[in-house]
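A.B. asks: Please find entry.csv (CSV, C-alpha atoms) on the next line:
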chain,number,residue,atom,x,y,z
C,29,MET,CA,0.0,0.0,0.0
C,30,SER,CA,1.3,3.4,-0.9
C,31,CYS,CA,2.2,5.6,2.1
C,32,GLN,CA,1.4,8.7,0.1
C,33,VAL,CA,-1.9,10.2,1.3
C,34,ARG,CA,-3.8,11.7,-1.6
C,35,PRO,CA,-5.8,14.9,-1.1
C,36,LEU,CA,-9.6,14.7,-0.7
C,37,TRP,CA,-11.8,15.7,-3.6
C,38,PRO,CA,-12.8,19.4,-3.2
C,39,PRO,CA,-16.4,19.5,-1.8
C,40,PHE,CA,-17.9,21.1,-4.9
C,41,ILE,CA,-16.5,18.4,-7.2
C,42,ALA,CA,-17.5,15.6,-4.7
C,43,GLY,CA,-21.0,17.1,-4.6
C,44,ILE,CA,-21.4,17.2,-8.3
C,45,VAL,CA,-20.2,13.6,-8.7
C,46,LEU,CA,-22.4,12.5,-5.7
C,47,GLY,CA,-25.4,14.2,-7.4
C,48,LEU,CA,-24.7,12.3,-10.7
C,49,VAL,CA,-24.3,9.0,-8.8
C,50,LEU,CA,-27.7,9.7,-7.1
C,51,LEU,CA,-29.2,10.5,-10.4
C,52,LEU,CA,-27.8,7.3,-11.9
C,53,THR,CA,-29.3,5.4,-9.0
C,54,PHE,CA,-32.8,6.9,-9.7
C,55,ILE,CA,-32.5,6.0,-13.4
C,56,LEU,CA,-31.2,2.5,-12.9
C,57,VAL,CA,-33.2,1.5,-9.8
C,58,GLY,CA,-36.2,3.8,-9.9
C,59,ASN,CA,-35.6,5.2,-6.4
C,60,GLY,CA,-32.8,7.0,-4.6
C,61,MET,CA,-30.0,5.7,-2.4
C,62,GLY,CA,-30.6,4.4,1.1
C,63,SER,CA,-28.6,3.1,4.0
C,64,SER,CA,-30.5,2.6,7.2
C,65,GLY,CA,-33.0,0.2,5.6
C,66,ALA,CA,-30.1,-2.3,5.3
C,67,PHE,CA,-29.7,-2.2,9.1
C,68,ALA,CA,-33.4,-2.8,9.6
C,69,ARG,CA,-32.9,-6.0,7.6
C,70,VAL,CA,-29.8,-6.9,9.6
C,71,ALA,CA,-31.8,-6.3,12.8
C,72,THR,CA,-34.6,-8.6,11.4
C,73,GLU,CA,-32.0,-11.3,10.6
C,74,VAL,CA,-30.5,-11.0,14.1
C,75,GLY,CA,-34.0,-11.3,15.5
C,76,LEU,CA,-34.7,-14.4,13.5
C,77,GLN,CA,-31.5,-16.0,14.9
C,78,VAL,CA,-32.2,-15.0,18.5
C,79,ALA,CA,-36.0,-15.1,18.8
C,80,PRO,CA,-37.6,-16.4,15.6
C,81,GLU,CA,-41.2,-16.6,16.8
C,82,ALA,CA,-41.2,-13.1,18.4
C,83,THR,CA,-39.5,-11.6,15.3
C,84,ARG,CA,-42.1,-13.1,12.9
C,85,GLU,CA,-44.9,-11.9,15.1
C,86,ASN,CA,-43.4,-8.4,15.6
C,87,ALA,CA,-45.5,-5.8,13.9
C,88,TYR,CA,-42.5,-3.9,12.6
C,89,LEU,CA,-40.0,-6.7,11.7
C,90,GLY,CA,-42.6,-9.3,10.7
C,91,GLY,CA,-42.9,-8.1,7.1
C,92,MET,CA,-39.2,-8.2,6.6
C,93,ALA,CA,-39.0,-11.7,8.2
C,94,GLN,CA,-40.9,-13.3,5.3
C,95,GLY,CA,-38.1,-15.1,3.5
C,96,ASN,CA,-34.5,-14.0,3.8
C,97,PRO,CA,-34.4,-10.5,5.2
C,98,LEU,CA,-30.9,-9.9,3.8
C,99,ALA,CA,-31.9,-10.7,0.2
C,100,ALA,CA,-32.9,-7.1,-0.5
C,101,TRP,CA,-31.8,-4.4,-2.8
C,102,ILE,CA,-30.8,-2.1,0.1
C,103,VAL,CA,-28.6,-4.6,1.8
C,104,LEU,CA,-26.5,-5.1,-1.4
C,105,ALA,CA,-26.4,-1.3,-1.8
C,106,ALA,CA,-24.8,-1.1,1.7
C,107,VAL,CA,-22.4,-3.8,0.8
C,108,GLY,CA,-21.5,-1.8,-2.3
C,109,THR,CA,-21.1,1.3,-0.2
C,110,PHE,CA,-18.6,-0.6,2.0
C,111,ILE,CA,-16.6,-1.9,-1.0
C,112,GLY,CA,-16.6,1.5,-2.6
C,113,ALA,CA,-15.2,3.1,0.6
C,114,ILE,CA,-12.5,0.4,0.8
C,115,LEU,CA,-11.5,1.0,-2.8
C,116,ALA,CA,-11.3,4.7,-2.4
C,117,SER,CA,-9.5,4.7,0.9
C,118,ILE,CA,-6.9,2.1,-0.1
C,119,SER,CA,-6.3,3.6,-3.6
C,120,SER,CA,-5.7,7.0,-1.9
C,121,GLY,CA,-3.5,5.8,1.0
C,122,ARG,CA,-6.2,6.8,3.5
C,123,PHE,CA,-7.0,3.3,4.7
C,124,LYS,CA,-5.9,2.8,8.3
C,125,VAL,CA,-7.4,0.4,10.9
C,126,LYS,CA,-8.0,2.4,14.1
C,127,VAL,CA,-10.6,3.7,16.6
C,128,ASP,CA,-11.0,7.3,15.4
C,129,ARG,CA,-10.8,9.4,18.5
C,130,GLY,CA,-10.5,12.7,16.7
C,131,SER,CA,-8.1,15.0,18.6
C,132,GLY,CA,-7.4,12.2,21.1
C,133,ARG,CA,-8.9,13.8,24.2
C,134,ILE,CA,-11.1,10.8,25.0
C,135,GLY,CA,-10.1,7.2,25.5
C,136,VAL,CA,-10.9,4.3,23.3
C,137,GLY,CA,-13.6,3.0,25.6
C,138,THR,CA,-15.4,6.4,25.7
C,139,ARG,CA,-15.2,6.7,22.0
C,140,LEU,CA,-16.7,3.3,21.4
C,141,ALA,CA,-19.5,4.0,24.0
C,142,LEU,CA,-20.3,7.2,22.2
C,143,ALA,CA,-20.3,5.5,18.8
C,144,LEU,CA,-22.7,2.8,20.2
C,145,GLY,CA,-25.0,5.3,21.8
C,146,GLY,CA,-25.0,7.5,18.7
C,147,GLY,CA,-25.8,4.5,16.6
C,148,LEU,CA,-28.6,3.5,18.9
C,149,LEU,CA,-30.2,7.0,18.5
C,150,ALA,CA,-29.7,7.1,14.8
C,151,GLY,CA,-31.1,3.5,14.3
C,152,PHE,CA,-34.2,4.3,16.3
C,153,GLY,CA,-34.6,7.7,14.6
C,154,SER,CA,-34.2,6.2,11.1
C,155,ARG,CA,-37.3,4.0,11.7
C,156,LEU,CA,-39.3,7.0,12.9
C,157,ALA,CA,-38.3,9.0,9.8
C,158,ALA,CA,-38.6,5.9,7.5
C,159,GLY,CA,-35.0,6.6,6.3
C,160,CYS,CA,-31.8,8.5,7.1
C,161,THR,CA,-29.6,11.1,5.7
C,162,SER,CA,-29.2,9.1,2.5
C,163,GLY,CA,-32.8,8.0,1.9
C,164,VAL,CA,-34.7,11.0,3.2
C,165,GLY,CA,-32.1,13.8,3.5
C,166,LEU,CA,-30.5,13.2,0.0
C,167,SER,CA,-32.8,11.2,-2.1
C,168,ASN,CA,-36.2,12.5,-1.0
C,169,THR,CA,-34.9,16.1,-1.1
C,170,ALA,CA,-33.6,15.6,-4.6
C,171,MET,CA,-37.2,14.9,-5.6
C,172,LEU,CA,-38.1,18.1,-3.7
C,173,GLY,CA,-40.1,16.0,-1.2
C,174,VAL,CA,-41.6,17.6,1.8
C,175,ALA,CA,-40.1,14.9,4.1
C,176,GLY,CA,-36.5,15.6,2.8
C,177,PHE,CA,-36.6,19.3,3.7
C,178,VAL,CA,-38.3,18.8,7.1
C,179,PHE,CA,-35.7,16.0,7.9
C,180,LEU,CA,-32.7,18.2,6.9
C,181,ILE,CA,-33.9,21.1,9.1
C,182,ALA,CA,-34.5,18.9,12.1
C,183,PHE,CA,-31.2,17.0,11.6
C,184,PHE,CA,-29.1,20.2,11.3
C,185,VAL,CA,-30.8,22.1,14.2
C,186,VAL,CA,-30.5,19.2,16.7
C,187,GLY,CA,-27.0,18.3,15.4
C,188,LEU,CA,-25.8,21.9,16.0
C,189,LEU,CA,-27.3,22.0,19.5
C,190,VAL,CA,-26.1,18.5,20.7
C,191,SER,CA,-22.7,19.3,19.2
C,192,LEU,CA,-22.3,22.1,21.8
C,193,PHE,CA,-22.1,19.5,24.5
C,194,MET,CA,-19.6,17.4,22.5
C,195,ARG,CA,-16.8,19.9,22.3
C,196,ARG,CA,-14.5,17.9,24.5
C,197,VAL,CA,-14.8,14.9,22.3
C,198,TRP,CA,-13.4,16.0,19.0
N,16,MET,CA,-33.8,-11.1,-6.4
N,17,ASP,CA,-32.5,-11.3,-10.0
N,18,TYR,CA,-28.9,-10.7,-11.0
N,19,GLY,CA,-29.8,-7.4,-12.7
N,20,ILE,CA,-31.2,-5.8,-9.6
N,21,ALA,CA,-28.3,-7.2,-7.5
N,22,GLY,CA,-25.8,-5.9,-9.9
N,23,THR,CA,-27.2,-2.3,-10.0
N,24,ALA,CA,-27.6,-2.3,-6.2
N,25,LEU,CA,-23.9,-3.3,-5.8
N,26,ALA,CA,-22.7,-0.9,-8.5
N,27,THR,CA,-24.6,2.2,-7.4
N,28,GLY,CA,-23.8,1.5,-3.7
N,29,LEU,CA,-20.1,1.1,-4.7
N,30,LEU,CA,-20.1,4.5,-6.5
N,31,PHE,CA,-21.9,6.1,-3.5
N,32,GLY,CA,-19.3,4.8,-1.0
N,33,PHE,CA,-16.4,5.7,-3.3
N,34,VAL,CA,-17.5,9.3,-3.6
N,35,LEU,CA,-18.3,9.7,0.1
N,36,GLU,CA,-14.9,8.4,1.1
N,37,GLN,CA,-13.2,10.7,-1.5
N,38,ALA,CA,-15.1,13.6,0.1
N,39,GLY,CA,-13.6,12.6,3.5
N,40,PHE,CA,-16.9,11.4,4.9
N,41,GLY,CA,-15.4,8.3,6.5
N,42,SER,CA,-14.0,10.6,9.2
N,43,PRO,CA,-16.3,11.3,12.2
N,44,CYS,CA,-14.0,14.3,13.0
N,45,LYS,CA,-14.6,15.9,9.6
N,46,LEU,CA,-18.3,15.0,9.6
N,47,THR,CA,-19.0,16.5,13.1
N,48,ALA,CA,-16.9,19.6,12.2
N,49,GLN,CA,-20.0,20.7,10.2
N,50,PHE,CA,-21.9,21.0,13.4
N,51,ARG,CA,-19.0,22.9,15.0
N,52,LEU,CA,-19.2,25.1,11.9
N,53,THR,CA,-15.4,24.8,11.3
N,54,ASP,CA,-15.5,22.6,8.2
N,55,TRP,CA,-18.5,23.0,5.8
N,56,SER,CA,-17.8,20.0,3.6
N,57,VAL,CA,-21.0,18.2,4.6
N,58,PHE,CA,-23.2,21.2,3.7
N,59,LYS,CA,-21.3,21.8,0.5
N,60,VAL,CA,-21.3,18.2,-0.7
N,61,MET,CA,-24.9,17.5,0.3
N,62,PHE,CA,-26.4,20.7,-1.1
N,63,THR,CA,-24.4,20.4,-4.4
N,64,ALA,CA,-25.4,16.8,-4.8
N,65,ILE,CA,-29.1,17.5,-4.0
N,66,ILE,CA,-29.2,20.3,-6.6
N,67,VAL,CA,-27.5,18.3,-9.3
N,68,ALA,CA,-29.8,15.3,-8.8
N,69,ALA,CA,-32.9,17.6,-8.5
N,70,ILE,CA,-32.1,19.3,-11.8
N,71,GLY,CA,-31.5,15.9,-13.5
N,72,ILE,CA,-34.7,14.5,-12.2
N,73,LEU,CA,-36.7,17.5,-13.3
N,74,LEU,CA,-35.1,17.4,-16.8
N,75,LEU,CA,-36.1,13.7,-17.0
N,76,GLN,CA,-39.6,14.6,-16.1
N,77,VAL,CA,-39.7,17.4,-18.7
N,78,ASN,CA,-38.8,14.9,-21.3
N,79,ASN,CA,-41.4,12.5,-19.8
N,80,THR,CA,-38.7,9.8,-19.7
N,81,PHE,CA,-40.5,7.9,-16.9
N,82,GLY,CA,-44.1,8.8,-17.7
N,83,SER,CA,-46.0,11.8,-16.1
N,84,GLN,CA,-45.8,10.2,-12.7
N,85,GLY,CA,-42.1,10.6,-12.3
N,86,PHE,CA,-40.4,8.9,-9.4
N,87,TYR,CA,-42.2,7.6,-6.3
N,88,VAL,CA,-42.1,10.2,-3.5
N,89,ALA,CA,-43.0,8.8,-0.1
N,90,GLU,CA,-45.7,10.5,1.9
N,91,THR,CA,-44.6,12.7,4.8
N,92,TYR,CA,-45.7,12.0,8.3
N,93,LEU,CA,-44.6,15.2,9.9
N,94,TRP,CA,-43.9,14.0,13.5
N,95,GLY,CA,-42.1,10.9,12.5
N,96,THR,CA,-39.9,12.8,10.1
N,97,VAL,CA,-39.2,15.6,12.6
N,98,THR,CA,-38.4,13.3,15.6
N,99,GLY,CA,-36.5,10.9,13.4
N,100,GLY,CA,-34.4,13.7,11.9
N,101,MET,CA,-33.8,15.0,15.5
N,102,LEU,CA,-32.6,11.6,16.7
N,103,ILE,CA,-30.3,11.1,13.7
N,104,GLY,CA,-28.9,14.6,14.2
N,105,ALA,CA,-28.2,13.8,17.9
N,106,GLY,CA,-26.8,10.4,17.0
N,107,PHE,CA,-24.5,12.1,14.4
N,108,ALA,CA,-23.2,14.7,16.9
N,109,ILE,CA,-22.7,12.0,19.6
N,110,GLY,CA,-21.5,9.0,17.6
N,111,GLY,CA,-19.8,10.9,14.7
N,112,TYR,CA,-21.7,9.2,11.9
N,113,CYS,CA,-25.0,8.8,10.2
N,114,PRO,CA,-26.0,5.3,8.9
N,115,GLY,CA,-24.4,5.6,5.5
N,116,THR,CA,-21.2,7.3,6.6
N,117,SER,CA,-20.7,4.7,9.4
N,118,VAL,CA,-20.3,2.2,6.5
N,119,VAL,CA,-17.8,4.5,4.8
N,120,GLY,CA,-16.0,4.9,8.2
N,121,LEU,CA,-15.6,1.1,8.5
N,122,GLY,CA,-14.6,0.9,4.8
N,123,SER,CA,-11.7,3.3,5.6
N,124,GLY,CA,-10.6,1.1,8.6
N,125,ARG,CA,-12.5,2.8,11.5
N,126,VAL,CA,-13.6,0.3,14.1
N,127,ASP,CA,-15.9,2.9,15.7
N,128,GLY,CA,-17.9,2.8,12.4
N,129,LEU,CA,-18.6,-0.9,13.1
N,130,VAL,CA,-19.6,-0.1,16.7
N,131,PHE,CA,-22.0,2.6,15.4
N,132,MET,CA,-23.5,0.1,13.1
N,133,LEU,CA,-24.0,-2.3,16.0
N,134,GLY,CA,-25.7,0.5,17.9
N,135,MET,CA,-28.1,1.0,15.0
N,136,VAL,CA,-29.1,-2.6,15.0
N,137,ILE,CA,-29.8,-2.4,18.7
N,138,GLY,CA,-31.7,0.9,18.2
N,139,ILE,CA,-33.8,-0.6,15.4
N,140,GLY,CA,-34.5,-3.7,17.7
N,141,THR,CA,-35.6,-1.3,20.4
N,142,PHE,CA,-37.9,0.6,17.9
N,143,ALA,CA,-39.5,-2.7,16.9
N,144,SER,CA,-40.2,-3.7,20.5
N,145,VAL,CA,-42.1,-0.4,21.1
N,146,TYR,CA,-43.6,-0.1,17.6
N,147,ASP,CA,-47.1,-1.1,18.9
N,148,THR,CA,-47.2,1.6,21.6
N,149,SER,CA,-49.6,4.5,21.0
N,150,LEU,CA,-46.8,7.1,21.2
N,151,ILE,CA,-44.8,5.5,18.3
N,152,GLN,CA,-48.0,4.9,16.3
N,153,SER,CA,-49.0,8.5,16.7
N,154,LEU,CA,-45.6,9.6,15.5
N,155,VAL,CA,-45.3,7.4,12.5
N,156,THR,CA,-48.9,7.7,11.3
N,157,GLY,CA,-49.8,11.2,12.6
N,158,ALA,CA,-49.8,14.6,10.9
N,159,ARG,CA,-49.8,13.3,7.3
N,160,VAL,CA,-48.9,16.1,4.9
N,161,SER,CA,-51.4,16.3,2.0
N,162,ALA,CA,-48.7,17.2,-0.6
N,163,ARG,CA,-45.8,15.0,-1.4
N,164,THR,CA,-43.5,17.6,-2.8
N,165,VAL,CA,-42.7,21.2,-1.7
N,166,PRO,CA,-43.7,22.7,-5.1
N,167,GLU,CA,-47.0,20.9,-4.8
N,168,LEU,CA,-47.4,22.1,-1.2
N,169,LEU,CA,-46.7,25.7,-2.1
N,170,GLY,CA,-48.3,25.6,-5.5
N,171,VAL,CA,-45.2,26.9,-7.3
N,172,SER,CA,-43.0,25.7,-10.1
N,173,PRO,CA,-40.4,23.1,-9.0
N,174,TRP,CA,-37.8,25.3,-10.8
N,175,LEU,CA,-38.5,28.1,-8.3
N,176,ILE,CA,-37.7,25.7,-5.5
N,177,VAL,CA,-34.4,24.7,-7.2
N,178,ALA,CA,-33.5,28.4,-7.7
N,179,ALA,CA,-34.1,29.0,-4.0
N,180,MET,CA,-31.9,26.0,-3.2
N,181,ILE,CA,-29.2,27.3,-5.4
N,182,LEU,CA,-29.3,30.7,-3.7
N,183,THR,CA,-29.2,28.9,-0.3
N,184,ALA,CA,-26.2,26.9,-1.4
N,185,ILE,CA,-24.4,30.1,-2.6
N,186,ALA,CA,-25.1,31.7,0.8
N,187,GLY,CA,-23.9,28.6,2.6
N,188,PHE,CA,-20.7,28.3,0.6
N,189,ALA,CA,-19.9,32.0,1.3
N,190,LEU,CA,-20.7,31.7,5.0
N,191,GLY,CA,-18.8,28.4,5.2
N,192,ARG,CA,-15.7,30.1,3.6
N,193,VAL,CA,-15.8,32.9,6.3
N,194,LEU,CA,-16.2,30.5,9.2
N,195,GLU,CA,-13.6,28.0,7.9
N,196,ARG,CA,-11.1,30.8,7.8
N,197,ARG,CA,-11.8,31.9,11.3
N,198,SER,CA,-11.2,28.4,12.7
N,199,HIS,CA,-8.6,25.8,12.0
N,200,GLY,CA,-9.9,25.4,8.5
N,201,VAL,CA,-10.9,22.3,6.6
N,202,TYR,CA,-9.6,18.9,7.6
N,203,SER,CA,-7.2,17.6,5.0
N,204,ALA,CA,-6.7,14.0,4.0
N,205,GLU,CA,-3.6,13.9,6.2
N,206,ASP,CA,-5.5,15.3,9.2
N,207,ILE,CA,-8.3,12.6,9.0
N,208,THR,CA,-5.9,9.8,8.2
N,209,GLU,CA,-3.2,10.5,10.8
N,210,GLY,CA,-5.6,12.0,13.4
N,211,ARG,CA,-3.5,15.2,13.5
N,212,ASP,CA,-5.0,17.5,16.1
N,213,VAL,CA,-5.6,20.9,14.7
N,214,GLU,CA,-8.5,22.0,16.9
N,215,ARG,CA,-6.5,21.7,20.2
N,216,PHE,CA,-4.8,24.9,19.3
N,217,ASP,CA,-8.1,26.7,19.4
N,218,ALA,CA,-8.6,26.0,23.1
N,219,PRO,CA,-9.1,29.1,25.2
N,220,GLY,CA,-5.9,30.4,26.9
N,221,HIS,CA,-3.6,29.0,24.2
N,222,ASP,CA,-2.9,32.1,22.3
N,223,LEU,CA,0.5,31.0,21.1
N,224,GLY,CA,-1.0,27.6,20.2
N,225,ARG,CA,-3.9,29.3,18.4
N,226,ASP,CA,-1.5,31.3,16.3
N,227,LEU,CA,0.5,28.2,15.5
N,228,GLY,CA,-2.8,26.4,14.6
N,229,ARG,CA,-3.8,29.3,12.3
N,230,GLU,CA,-0.4,29.2,10.7
N,231,ALA,CA,-0.6,25.5,10.1
N,232,ALA,CA,-4.1,25.8,8.7
N,233,THR,CA,-3.0,28.6,6.4
N,234,ALA,CA,0.0,26.6,5.2
N,235,ARG,CA,-2.2,23.6,4.5
N,236,ARG,CA,-4.6,25.8,2.5
N,237,GLN,CA,-1.7,27.1,0.5
N,238,ASP,CA,-0.4,23.6,-0.1
N,239,ALA,CA,-3.8,22.5,-1.4
N,240,PRO,CA,-4.0,22.1,-5.2
Can you turn what I pasted into structure tokens?

C.D. replies:
Amino acid sequence: MSCQVRPLWPPFIAGIVLGLVLLLTFILVGNGMGSSGAFARVATEVGLQVAPEATRENAYLGGMAQGNPLAAWIVLAAVGTFIGAILASISSGRFKVKVDRGSGRIGVGTRLALALGGGLLAGFGSRLAAGCTSGVGLSNTAMLGVAGFVFLIAFFVVGLLVSLFMRRVW
Amino acid sequence: MDYGIAGTALATGLLFGFVLEQAGFGSPCKLTAQFRLTDWSVFKVMFTAIIVAAIGILLLQVNNTFGSQGFYVAETYLWGTVTGGMLIGAGFAIGGYCPGTSVVGLGSGRVDGLVFMLGMVIGIGTFASVYDTSLIQSLVTGARVSARTVPELLGVSPWLIVAAMILTAIAGFALGRVLERRSHGVYSAEDITEGRDVERFDAPGHDLGRDLGREAATARRQDAP
């Protein structure tokens, strides 16, 4: 692997390419890109392994528990996202196995606890909003959907406020 | 699932992850810097992408490529969208990722991205266990918005909304430029890979450090291609 770390794409360029990728997704698939839906299916699969009866009878997971929950478009899109990120980070010398603690003011345990807690909130929230930053914030807003704009405002306002209490972390 | 669908899912997902990583969005430090208002990459990339895709979608509709219906726009349940957006915003500020970027974080070697994903699975399991309660039901089925899109809601041309978004983007780019210059500046590829601490210098009472930090930030900007 090359030790040379290549620069990031300028935000404007990355934004244009991301917009074209999103447009391509609409043309090829008929809907936008999503991410959190894949984790709803992973949660269903975990549920089927741990408590199959309760999972099949659950009002939310039951629908996804018919057949293989992981055999879904959105799961493969998430796998693709993972592969794409690996290809980009390795080819640009940015791949590095680590626990990212930002400025290093917090320990590994604290960082992982925050990541777990943040994930928990985001997972729960993604089911309330029927999507996340990708599916609602990007894709729905690109169709000028009401949900997308409402989501982005709620997301940014609360993110800004909560971030005030996280200054010691990063 | 047929191979065609599987292939397009993998291919479009791959492009999505590739671009997000190239933008630096595998780094929780860079992502959360948007909320500290010190690095505006998230706003710039997201807004640019939304505008490019929105224009493309509108042009496809003008040419009636997909019939007059266009793409499927989900209905909006206001409280679910607001509370969900709030929780994802909070989770982003606390955990450093959103669902898609946690996958990108793991793809660039970050173990905390995997832990965030584990948290999401637990969060979704928790949601499923309380889905039947009247509170959750009132959130996900209440306050349905009659219109699906903003132009429909306001009774204006979609191009007017796109024009307003372009103006908002220009204002955001300008504001971001000012605020990025006031702080340590944008996180570079080296910063997010090596975990170089640039913000430490901005701590109160570290005047010398702050100046050094500014100098370093300026030097990095000058080095940038």

A.B. asks: When you draw a straight line from atom CA of N:Gly32 to atom CA of N:Thr116, how long is it in Å?

C.D. replies: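 Atom CA of N:Thr116 lies 8.2 Å from atom CA of N:Gly32.
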
A.B. asks: Of the candidates C:Val174, C:Val197, C:Ile118, C:Ala113, which one gets nearest to C:Gly132 if we count only C-alpha atoms?

C.D. replies: C:Val197

A.B. asks: Name the residues in contact with N:Phe131 at a cut-off of 8 Å, using all atoms listed in the file, excluding same-chain residues fewer than 6 positions from it; report them as number ranges by chain.

C.D. replies: C: 143-148; N: 110, 112, 117

A.B. asks: I need the residue nearest C:Arg69 from this list: C:Arg122, C:Arg195, C:Arg129, C:Arg155. Use all atoms listed in the file for the distance.

C.D. replies: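 Of all the options, C:Arg155 lies closest to C:Arg69.
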
A.B. asks: Grab the atom CA of C:Leu180 to atom CA of C:Ile102 distance for me, in Å with one decimal place.

C.D. replies: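 Separation of atom CA of C:Leu180 and atom CA of C:Ile102: 21.5 Å.
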
A.B. asks: Do you have the atom CA of C:Asn96-atom CA of C:Glu73 distance handy?

C.D. replies: 7.7 Å

A.B. asks: Which residue is closest to chain C? Choose from N:Leu35, N:Val60, N:Ala48, N:Leu121 and count all atoms listed in the file.

C.D. replies: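 Answer, going by the shortest atom-to-atom distance: N:Val60.
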
A.B. asks: So that I can check the surroundings of N:Val177, please list as a list of chain:residue names every protein, DNA and RNA residue that reaches within 9 Å of it, counting all atoms listed in the file and ignoring chain neighbours fewer than 2 positions away.

C.D. replies: C:Leu172, N:Ile66, N:Ala69, N:Ile70, N:Pro173, N:Trp174, N:Leu175, N:Ala179, N:Met180, N:Ile181, N:Leu182

A.B. asks: Using all atoms listed in the file for the distances, tell me which of N:Leu75, N:Val130, N:Leu46, N:Val145 is nearest to chain C.

C.D. replies: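 Result for the nearest residue to chain C: N:Val130.
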
A.B. asks: So which residues touch N:Gly210 within 8 Å, counting only C-alpha atoms, skipping near sequence neighbours fewer than 2 positions away, as a PDB file with C-alpha atoms, keeping the file's coordinate frame?

C.D. replies:
ATOM      1  CA  ASP C 128     -11.000   7.300  15.400  1.00  0.00           C
ATOM      2  CA  ARG C 129     -10.800   9.400  18.500  1.00  0.00           C
ATOM      3  CA  GLY C 130     -10.500  12.700  16.700  1.00  0.00           C
ATOM      4  CA  SER C 131      -8.100  15.000  18.600  1.00  0.00           C
ATOM      5  CA  GLY C 132      -7.400  12.200  21.100  1.00  0.00           C
TER       6      GLY C 132
ATOM      7  CA  GLU N 205      -3.600  13.900   6.200  1.00  0.00           C
ATOM      8  CA  ASP N 206      -5.500  15.300   9.200  1.00  0.00           C
ATOM      9  CA  ILE N 207      -8.300  12.600   9.000  1.00  0.00           C
ATOM     10  CA  THR N 208      -5.900   9.800   8.200  1.00  0.00           C
ATOM     11  CA  ASP N 212      -5.000  17.500  16.100  1.00  0.00           C
TER      12      ASP N 212
END

A.B. asks: Using all atoms listed in the file, which residues sit within 12 Å of C:Ile55 once same-chain residues fewer than 5 positions away are excluded, as JSON, numbers by chain?

C.D. replies: {"C": [48, 49, 50, 60, 61], "N": [23, 27, 68, 71, 72, 75, 76, 80, 81, 85, 86]}

A.B. asks: For a quick check of understanding, using only C-alpha atoms, which of C:Ala175, C:Phe193, C:Pro35, C:Trp198 has the smallest distance to C:Arg139?

C.D. replies: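 The closest residue to C:Arg139 is C:Trp198.
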
A.B. asks: Show me as a list in words the residues that reach within 8 Å of (-30.3, -2.2, -0.8), counting all atoms listed in the file and using the file's own coordinates.

C.D. replies: Gly62, Ser63, Gly65, Ala66, Ala100, Trp101, Ile102, Val103, Leu104, Ala105 and Ala106 of chain C; Ala24 of chain N

A.B. asks: Give the answer as one residue: which of C:Gly90, C:Gly151, C:Gly137, C:Gly159 has the shortest atom-to-atom distance to N:Val126, using only C-alpha atoms?

C.D. replies: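 Smallest distance to N:Val126 is found for C:Gly137.
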
A.B. asks: Enumerate, in order of chain and increasing residue number, the residues of stretch 114-225 of chain N with an atom no farther than 7 Å from stretch 93-106 of chain N, each with its shortest atom pair and distance in Å to one decimal, counting all atoms listed in the file, as a Markdown table.

C.D. replies:
| residue | atom | partner | partner_atom | distance |
| --- | --- | --- | --- | --- |
| N:Leu154 | CA | N:Gly95 | CA | 4.8 |
| N:Val155 | CA | N:Gly95 | CA | 4.7 |
| N:Gly157 | CA | N:Trp94 | CA | 6.6 |
| N:Ala158 | CA | N:Leu93 | CA | 5.3 |
| N:Arg159 | CA | N:Leu93 | CA | 6.1 |
| N:Val160 | CA | N:Leu93 | CA | 6.7 |

A.B. asks: Please return, as a JSON list (two decimals) with C-alpha atoms, keeping the file's coordinate frame, all polymer residues that have at least one atom within 6 Å of the point (-16.5, 19.6, -1.8); use only C-alpha atoms and the file's own coordinate frame.

C.D. replies:
[["chain", "number", "residue", "atom", "x", "y", "z"],
["C", 38, "PRO", "CA", -12.80, 19.40, -3.20],
["C", 39, "PRO", "CA", -16.40, 19.50, -1.80],
["C", 40, "PHE", "CA", -17.90, 21.10, -4.90],
["C", 41, "ILE", "CA", -16.50, 18.40, -7.20],
["C", 42, "ALA", "CA", -17.50, 15.60, -4.70],
["C", 43, "GLY", "CA", -21.00, 17.10, -4.60],
["N", 56, "SER", "CA", -17.80, 20.00, 3.60],
["N", 59, "LYS", "CA", -21.30, 21.80, 0.50],
["N", 60, "VAL", "CA", -21.30, 18.20, -0.70]]
